[in-house]
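target-v4.pdb (PDB, C-alpha atoms)
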```
ATOM      1  CA  MET I   1      41.992  -1.664   1.609
ATOM      2  CA  ASN I   2      42.075  -1.630   5.362
ATOM      3  CA  LYS I   3      38.799  -2.832   6.903
ATOM      4  CA  MET I   4      39.185  -0.525   9.868
ATOM      5  CA  MET I   5      39.285   2.515   7.568
ATOM      6  CA  ILE I   6      36.071   1.568   5.752
ATOM      7  CA  LEU I   7      33.988   0.913   8.834
ATOM      8  CA  PRO I   8      33.791   4.503  10.155
ATOM      9  CA  LEU I   9      32.884   5.749   6.686
ATOM     10  CA  LEU I  10      29.865   3.461   6.585
ATOM     11  CA  ALA I  11      28.683   4.699   9.933
ATOM     12  CA  LEU I  12      28.783   8.400   8.964
ATOM     13  CA  PRO I  13      25.423   9.958   8.177
ATOM     14  CA  VAL I  14      24.963  11.248   4.664
ATOM     15  CA  LEU I  15      24.925  15.040   4.674
ATOM     16  CA  GLY I  16      22.010  16.760   3.037
ATOM     17  CA  VAL I  17      19.741  13.729   2.941
ATOM     18  CA  HIS I  18      16.796  15.662   4.339
ATOM     19  CA  ALA I  19      17.482  18.882   2.422
ATOM     20  CA  ALA I  20      14.508  20.380   0.630
ATOM     21  CA  MET I  21      14.390  20.134  -3.161
ATOM     22  CA  TYR I  22      12.738  22.721  -5.392
ATOM     23  CA  LYS I  23      11.539  22.523  -8.980
ATOM     24  CA  TRP I  24      10.755  25.486 -11.221
ATOM     25  CA  THR I  25      10.927  26.691 -14.796
ATOM     26  CA  ASP I  26      13.501  29.405 -15.526
ATOM     27  CA  ALA I  27      13.181  32.329 -17.957
ATOM     28  CA  ASN I  28      14.439  30.170 -20.855
ATOM     29  CA  GLY I  29      11.743  27.537 -20.246
ATOM     30  CA  LYS I  30      14.093  24.935 -18.783
ATOM     31  CA  THR I  31      13.075  22.912 -15.759
ATOM     32  CA  VAL I  32      15.479  23.460 -12.868
ATOM     33  CA  TYR I  33      15.965  21.291  -9.782
ATOM     34  CA  SER I  34      17.803  22.803  -6.841
ATOM     35  CA  GLN I  35      18.210  22.719  -3.081
ATOM     36  CA  HIS I  36      17.616  26.482  -3.017
ATOM     37  CA  PRO I  37      14.329  28.139  -3.999
ATOM     38  CA  PRO I  38      14.368  30.398  -7.059
ATOM     39  CA  PRO I  39      14.908  34.124  -6.517
ATOM     40  CA  SER I  40      11.676  34.914  -8.387
ATOM     41  CA  GLY I  41       9.624  33.034  -5.825
ATOM     42  CA  THR I  42       7.339  30.513  -7.569
ATOM     43  CA  SER I  43       8.477  26.934  -7.281
ATOM     44  CA  GLU I  44       7.239  23.504  -6.371
ATOM     45  CA  ARG I  45       8.756  21.906  -3.301
ATOM     46  CA  ILE I  46       9.640  18.232  -3.855
ATOM     47  CA  GLN I  47       9.601  15.851  -0.940
ATOM     48  CA  THR I  48      12.604  13.542  -0.786
ATOM     49  CA  ALA I  49      12.398  10.233   0.973
ATOM     50  CA  PRO I  50      14.913   9.956   3.797
ATOM     51  CA  THR I  51      17.399   7.153   3.515
ATOM     52  CA  PRO I  52      16.886   4.363   6.021
ATOM     53  CA  SER I  53      19.034   4.885   9.057
ATOM     54  CA  GLN I  54      21.403   2.137   9.911
ATOM     55  CA  SER I  55      23.220   1.306  13.093
ATOM     56  CA  VAL I  56      26.956   0.801  13.290
ATOM     57  CA  THR I  57      26.497  -2.896  14.034
ATOM     58  CA  GLU I  58      24.299  -3.327  10.939
ATOM     59  CA  ALA I  59      26.929  -1.543   8.843
ATOM     60  CA  GLN I  60      29.664  -3.742  10.306
ATOM     61  CA  LYS I  61      27.625  -6.853   9.566
ATOM     62  CA  ARG I  62      27.004  -5.790   5.941
ATOM     63  CA  LEU I  63      30.683  -4.959   5.525
ATOM     64  CA  GLN I  64      31.761  -8.346   6.892
ATOM     65  CA  GLU I  65      29.302 -10.128   4.574
ATOM     66  CA  GLN I  66      30.596  -8.200   1.568
ATOM     67  CA  LEU I  67      34.223  -8.885   2.499
ATOM     68  CA  GLN I  68      33.396 -12.578   2.870
ATOM     69  CA  ARG I  69      31.800 -12.644  -0.603
ATOM     70  CA  ILE I  70      34.904 -10.970  -2.050
ATOM     71  CA  GLU I  71      37.167 -13.507  -0.345
ATOM     72  CA  ASP I  72      34.970 -16.393  -1.563
ATOM     73  CA  ARG I  73      35.207 -15.142  -5.166
ATOM     74  CA  ARG I  74      38.989 -14.748  -4.830
ATOM     75  CA  GLU I  75      39.271 -18.331  -3.541
ATOM     76  CA  ASP I  76      37.035 -19.623  -6.366
ATOM     77  CA  ARG I  77      39.281 -17.923  -8.944
ATOM     78  CA  HIS I  78      42.354 -19.445  -7.281
ATOM     79  CA  ILE I  79      40.835 -22.942  -7.342
ATOM     80  CA  ALA I  80      39.811 -22.532 -10.986
ATOM     81  CA  GLY I  81      43.357 -21.424 -11.839
ATOM     82  CA  ASP I  82      44.787 -24.496 -10.089
ATOM     83  CA  LYS I  83      42.456 -26.743 -12.091
ATOM     84  CA  ASP I  84      43.480 -25.034 -15.343
ATOM     85  CA  ARG I  85      47.178 -25.407 -14.532
ATOM     86  CA  ALA I  86      46.693 -29.088 -13.643
ATOM     87  CA  ALA I  87      44.786 -29.708 -16.889
ATOM     88  CA  ASN I  88      47.506 -27.964 -18.902
ATOM     89  CA  THR I  89      50.214 -29.977 -17.132
ATOM     90  CA  ARG I  90      48.352 -33.234 -17.783
ATOM     91  CA  ALA I  91      47.765 -32.289 -21.421
ATOM     92  CA  GLY I  92      51.462 -31.523 -21.863
ATOM     93  CA  LEU I  93      52.442 -34.823 -20.296
ATOM     94  CA  MET I  94      50.020 -36.707 -22.542
ATOM     95  CA  ALA I  95      51.416 -34.934 -25.619
ATOM     96  CA  ARG I  96      54.982 -35.907 -24.686
ATOM     97  CA  ASN I  97      53.933 -39.506 -24.004
ATOM     98  CA  CYS I  98      52.111 -39.607 -27.334
ATOM     99  CA  GLU I  99      55.163 -38.361 -29.210
ATOM    100  CA  THR I 100      57.438 -40.875 -27.452
ATOM    101  CA  ALA I 101      55.063 -43.768 -28.179
ATOM    102  CA  ARG I 102      54.863 -42.791 -31.869
ATOM    103  CA  LYS I 103      58.664 -42.642 -32.120
ATOM    104  CA  ASN I 104      58.952 -46.037 -30.396
ATOM    105  CA  LEU I 105      56.432 -47.556 -32.783
ATOM    106  CA  GLU I 106      58.255 -46.049 -35.750
ATOM    107  CA  SER I 107      61.606 -47.463 -34.620
ATOM    108  CA  LEU I 108      60.041 -50.893 -33.979
ATOM    109  CA  GLY I 109      58.698 -50.886 -37.545
ATOM    110  CA  GLY I 110      62.205 -51.064 -39.009
ATOM    111  CA  PRO I 111      64.165 -54.182 -39.837
ATOM    112  CA  PRO I 112      63.362 -57.070 -37.475
ATOM    113  CA  ASN I 113      66.998 -57.823 -36.582
ATOM    114  CA  ARG I 114      67.685 -54.242 -35.516
ATOM    115  CA  VAL I 115      69.386 -53.601 -32.166
ATOM    116  CA  THR I 116      67.136 -51.805 -29.641
ATOM    117  CA  ARG I 117      68.214 -49.697 -26.695
ATOM    118  CA  MET I 118      66.708 -50.949 -23.435
ATOM    119  CA  ALA I 119      65.488 -48.833 -20.489
ATOM    120  CA  ASP I 120      68.697 -49.473 -18.519
ATOM    121  CA  GLY I 121      70.816 -48.081 -21.383
ATOM    122  CA  SER I 122      72.017 -51.436 -22.742
ATOM    123  CA  TYR I 123      71.400 -52.620 -26.301
ATOM    124  CA  LYS I 124      69.701 -55.855 -27.275
ATOM    125  CA  ARG I 125      68.459 -57.599 -30.400
ATOM    126  CA  LEU I 126      64.776 -58.371 -29.721
ATOM    127  CA  THR I 127      63.129 -61.695 -30.405
ATOM    128  CA  PRO I 128      59.981 -61.550 -32.559
ATOM    129  CA  GLU I 129      57.843 -62.069 -29.422
ATOM    130  CA  GLU I 130      59.627 -59.253 -27.505
ATOM    131  CA  ARG I 131      59.340 -56.956 -30.512
ATOM    132  CA  GLN I 132      55.610 -57.648 -30.865
ATOM    133  CA  LYS I 133      55.121 -57.056 -27.138
ATOM    134  CA  GLN I 134      56.800 -53.632 -27.435
ATOM    135  CA  ILE I 135      54.752 -52.794 -30.547
ATOM    136  CA  ASP I 136      51.577 -53.677 -28.630
ATOM    137  CA  GLU I 137      52.714 -51.513 -25.693
ATOM    138  CA  ALA I 138      53.480 -48.574 -28.031
ATOM    139  CA  ASN I 139      50.032 -48.905 -29.635
ATOM    140  CA  LYS I 140      48.425 -48.945 -26.186
ATOM    141  CA  GLN I 141      50.326 -45.785 -25.195
ATOM    142  CA  ILE I 142      49.233 -44.096 -28.417
ATOM    143  CA  GLN I 143      45.593 -44.956 -27.723
ATOM    144  CA  GLU I 144      45.838 -43.591 -24.167
ATOM    145  CA  ASN I 145      47.796 -40.420 -24.877
ATOM    146  CA  CYS I 146      47.100 -39.368 -28.480
ATOM    147  CA  ARG I 147      43.673 -37.756 -28.636
TER     148      ARG I 147
END
```
Take the structure in the file and write it out as structure tokens.
Amino acid sequence: MNKMMILPLLALPVLGVHAAMYKWTDANGKTVYSQHPPPSGTSERIQTAPTPSQSVTEAQKRLQEQLQRIEDRREDRHIAGDKDRAANTRAGLMARNCETARKNLESLGGPPNRVTRMADGSYKRLTPEERQKQIDEANKQIQENCR
């Protein structure tokens, strides 16, 4: 909503703030409150407290403070959303890494003379030391990513 449209509305005086209030009991025994006295005549006049007057500058200041609080809450929600998205992204990455490490460990558990595909796309038959090193690495990845 446009700030410039709200400001004049806050500065307008409230109509009828100082109007007299009357209280009486009607013919059916119900208590009636009204700004007009009863036609029959007997009523109790109720004093209403006037609302505190407020200058335009005070109204502008209150409006600016309220708009700032709204903007602060909007920014807090945005930051919280960013944190949630980052956590979800990290969780997804960890799940993929976990699955890959489990598959690697499973494939390394096969026959020891099996040919293994290397990171560069080539194939190689691993020595027992190389195979154990990759098994250890897969176990480490599982510990880090599978929770």
Given the file shown, determine the residues that the PyMOL selection byres ((chain I and resi 21) around 8) selects; report them as a ChimeraX atom specification.
/I:19-20,22-23,33-36,45-48
Expected file contents, prior selection, C-alpha atoms, as a PDB file, in the coordinates of the input:
```
ATOM      1  CA  ALA I  19      17.482  18.882   2.422  1.00  0.00           C
ATOM      2  CA  ALA I  20      14.508  20.380   0.630  1.00  0.00           C
ATOM      3  CA  TYR I  22      12.738  22.721  -5.392  1.00  0.00           C
ATOM      4  CA  LYS I  23      11.539  22.523  -8.980  1.00  0.00           C
ATOM      5  CA  TYR I  33      15.965  21.291  -9.782  1.00  0.00           C
ATOM      6  CA  SER I  34      17.803  22.803  -6.841  1.00  0.00           C
ATOM      7  CA  GLN I  35      18.210  22.719  -3.081  1.00  0.00           C
ATOM      8  CA  HIS I  36      17.616  26.482  -3.017  1.00  0.00           C
ATOM      9  CA  ARG I  45       8.756  21.906  -3.301  1.00  0.00           C
ATOM     10  CA  ILE I  46       9.640  18.232  -3.855  1.00  0.00           C
ATOM     11  CA  GLN I  47       9.601  15.851  -0.940  1.00  0.00           C
ATOM     12  CA  THR I  48      12.604  13.542  -0.786  1.00  0.00           C
TER      13      THR I  48
END
```
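Picked by the PyMOL selection byres ((chain I and resi 138) around 9) from the coordinates shown: Thr100, Ala101, Arg102, Lys103, Asn104, Leu105, Lys133, Gln134, Ile135, Asp136, Glu137, Asn139, Lys140, Gln141, Ile142 and Gln143 of chain I.
Using the PyMOL selection byres ((chain I and resi 41) around 12) on the file at hand returns these residues: Tyr22, Lys23, Trp24, Thr25, Asp26, His36, Pro37, Pro38, Pro39, Ser40, Thr42, Ser43, Glu44 and Arg45 of chain I.
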If you measure from atom CA of I:Ala119 to atom CA of I:Asn88, what distance in Å do you get, rounded to one decimal?
27.6 Å
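Across the model, the gap from atom CA of I:Arg114 to atom CA of I:Leu126 is 7.7 Å.
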Around the point (69.5, -57.7, -27.1) (coordinates from the file), which residues reach within 8 Å if we count all atoms listed in the file? Answer as a PDB file with C-alpha atoms, in the frame of the given file.
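Dumped everything to selection-v9.pdb:
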```pdb
ATOM      1  CA  VAL I 115      69.386 -53.601 -32.166  1.00  0.00           C
ATOM      2  CA  THR I 116      67.136 -51.805 -29.641  1.00  0.00           C
ATOM      3  CA  TYR I 123      71.400 -52.620 -26.301  1.00  0.00           C
ATOM      4  CA  LYS I 124      69.701 -55.855 -27.275  1.00  0.00           C
ATOM      5  CA  ARG I 125      68.459 -57.599 -30.400  1.00  0.00           C
ATOM      6  CA  LEU I 126      64.776 -58.371 -29.721  1.00  0.00           C
TER       7      LEU I 126
END
```
Residue among I:Met118, I:Val56, I:Leu108, I:Val32 lying closest to I:Gln132, counting all atoms listed in the file:
I:Leu108
Just give me the gap between atom CA of I:Gln60 and atom CA of I:Arg73 in Å, one decimal is fine.
20.0 Å
